[in-house]
Structure formats: structure tokens, C-alpha cells
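Here the structure is laid out as C-alpha cells; the discussion comes afterwards.
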Amino acid sequence: MKKNKMKFILCIMTMCFCITYTNVCYAAGKYTVYSDKTKTYKGVKTALKSIGKVVSNKAKTVGKYPTRKGVILVTSTGKIANVVGHSAIIYSKGYIIESVEKGVVVSRNNWKSTKKNMAAVTVRKTTINQDSKVSDWCKKQKGKKYNYNYYSINSKGSYYCSQLIWAGYKNLYNINLNTKYYDVGSKKAIGPYEFVSKTSSVVYPIYMKNWNR
């Protein structure tokens with residue numbers, strides 16, 4: 001009886017840790033940064049060229065800050081509720097789409113100057129045209145509320161930042177950007193850092209500035 005009680009307590013503690021997100025960290029390691037896609041990129045059949053390496057938690061910038069429509073931006077700066085970090089998708093040279101506390105909005109594409117640390121990634125399996133369509137899809141969600149139920153990943157009426165981008169790729173191309181890092185059993189959630197996680201098999205970092213995860 002005591003053993004079962006202890007297992008139950010440990011299970012609850014584990015779920016609480018996963019749900020809060022606040023203590024999440026990835027082990028420091030090397031990241032390879034690649035050149036961005038071109039019009040000739042054909043998804044997984046085409047290789048991207050390595051342009052350098054980054055060791056997380058060491059100040060360094062590799063790559064050129066992207067302005068291409070459909071590139072995913074990630075930073076550890078900022079916090080909404082219990083989610084540390086933030087993600088957005090580029091809409092144009094001047095604007096991004098993101099979900100913040102007031103919901104899905106169009107904002108200035110100024111992360112290069114406003115974020116102390118950040119990464120930009122691109123999805124392996126898509127072309128630049130497909131990335132562009134995902135950005136368009138995200139823009140169509142403008143005005144929808146922020147989703148505070150992080151395990152309600154399939155919600156269509158509200159979105160948190162990384163869920164919005166995940167939903168775009170999942171709905172349009174059935175590409176799942178979830179690494180299962182935050183999943184608890186059948187409950188699914190996706191955090192911003194999963195787009196840059198070394199365990200992800202579907203993204204290429206194309207720009208890193210003082211990356212610290």
C-alpha cells in the first residue's frame with residue numbers, strides 16, 4: 001500500500017514539473033547552423049550547407065538574421081503565465097505573427113535588436129513556398145485568444161505561441177514539430193524550445209544569437 005502511495009505521489013510531482021515548464025532546460029551542447037533554403041530546396045532530398053557551430057550558453061552569433069516568410073523565431077526572453085521563452089513566425093521583412101497574452105497578433109519583425117538571445121529555424125521537409133503558406137495560415141488566426149490550457153494542443157479557437165506554429169504545419173502538411181518533451185501520457189503540449197531541441201529531427205537552425213538552451 002505504501003509503495004503504491006509513493007508511486008502516486010511521484011507521478012503527481014512529475015506531472016506538475018512538466019506542466020509548469022518553468023524549470024525546463026536542455027543540456028548545453030553543440031548546434032550546427034545551416035544556410036537557409038533557396039528556391040531550389042526540395043525538402044529532405046536536398047541538403048543544406050553547414051555554416052558554423054554554436055555551443056549553447058556561450059555568447060556567439062552564427063548566420064544572418066532571416067527575413068524570409070515562414071522562418072520560425074525562438075527566444076528564451078520573456079514569459080507568459082508558466083511558459084518561459086517565446087516563438088513567432090516571420091510574415092515579411094517587417095512583420096511577424098505571434099500569439100501573446102492578448103491573442104494572435106501581427107507584430108514588428110525586430111527580434112534582431114530586441115532579443116538578447118534567439119534562434120531561427122526552418123523545417124526540413126518543406127519548401128520556401130510551403131513555409132510561406134504556413135505563415136499565411138498563422139496570419140488567418142489573427143484575433144484569436146491566447147490558449148492558457150497548454151495540453152489543449154488541438155484547440156482551434158485559441159493558441160499559445162508555439163502551438164500556433166505547430167498547428168500551421170500539422171494542419172497544412174501533417175508535419176508534427178512536437179518532440180514529446182512536454183508530453184505526459186496521452187496529453188500533448190509543445191514548448192518554444194522544442195523548435196530548437198537537438199532531439200528534433202525536423203528542423204534546421206539557420207541563425208543563432210547567444211543561444212542559451
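Please note that chains go A, B, ... in the order of the C-alpha cells, that every chain numbers its residues from 1, and that ligands are numbered from 1 in the order shown.
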Distance table requested - segment 29-117 of chain A against segment 127-133 of chain A, cut-off 10 Å, only C-alpha atoms: one row per qualifying residue with the closest atom pair and its distance in Å to one decimal, ordered by chain and rising residue number, as a tab-separated table.
```
residue	atom	partner	partner_atom	distance
A:Asp36	CA	A:Ile128	CA	9.5
A:Lys37	CA	A:Ile128	CA	6.7
A:Thr38	CA	A:Ile128	CA	7.0
A:Lys39	CA	A:Ile128	CA	6.6
A:Thr40	CA	A:Thr127	CA	8.3
A:Tyr41	CA	A:Thr127	CA	6.0
A:Lys42	CA	A:Thr127	CA	5.9
A:Gly43	CA	A:Thr127	CA	5.8
A:Val44	CA	A:Thr127	CA	9.5
A:Arg68	CA	A:Ile128	CA	8.3
A:Lys69	CA	A:Ser132	CA	5.2
A:Gly70	CA	A:Asp131	CA	4.4
A:Val71	CA	A:Asp131	CA	7.1
A:Ile72	CA	A:Asp131	CA	9.3
A:Ile89	CA	A:Asp131	CA	9.5
A:Ile90	CA	A:Ser132	CA	8.8
A:Tyr91	CA	A:Ser132	CA	7.7
A:Ser92	CA	A:Ser132	CA	9.4
```
Alpha helix (DSSP H) residues, from DSSP on the backbone, in segment 25-154 of chain A, as a PyMOL selection string:
chain A and resi 111-114+128-140
Closest of A:Lys144, A:Lys93, A:Arg213, A:Lys125 to Arg108 of chain A, counting only C-alpha atoms, is A:Lys93
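Residue nearest Tyr173 of chain A, chosen from A:Asn149, A:Tyr31, A:Thr126, A:Leu73 and counting only C-alpha atoms: A:Thr126.
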Residues of segment 20-176 of chain A classed as strand (DSSP E) by DSSP on the backbone are to be reported as a PyMOL selection string.
chain A and resi 30-34+50-55+61-62+72-80+83-90+95-100+103-108+118-123
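The two atoms in question, atom CA of Val203 of chain A and atom CA of Ile153 of chain A, are spaced 19.8 Å apart.
Of the residues under consideration (A:Ser99, A:Ser197, A:Lys112, A:Ile80), A:Lys112 shows the shortest atom-to-atom contact distance to Lys64 of chain A when counting only C-alpha atoms.
As for atom CA of Tyr146 of chain A and atom CA of Lys188 of chain A, they are spaced 17.1 Å apart.
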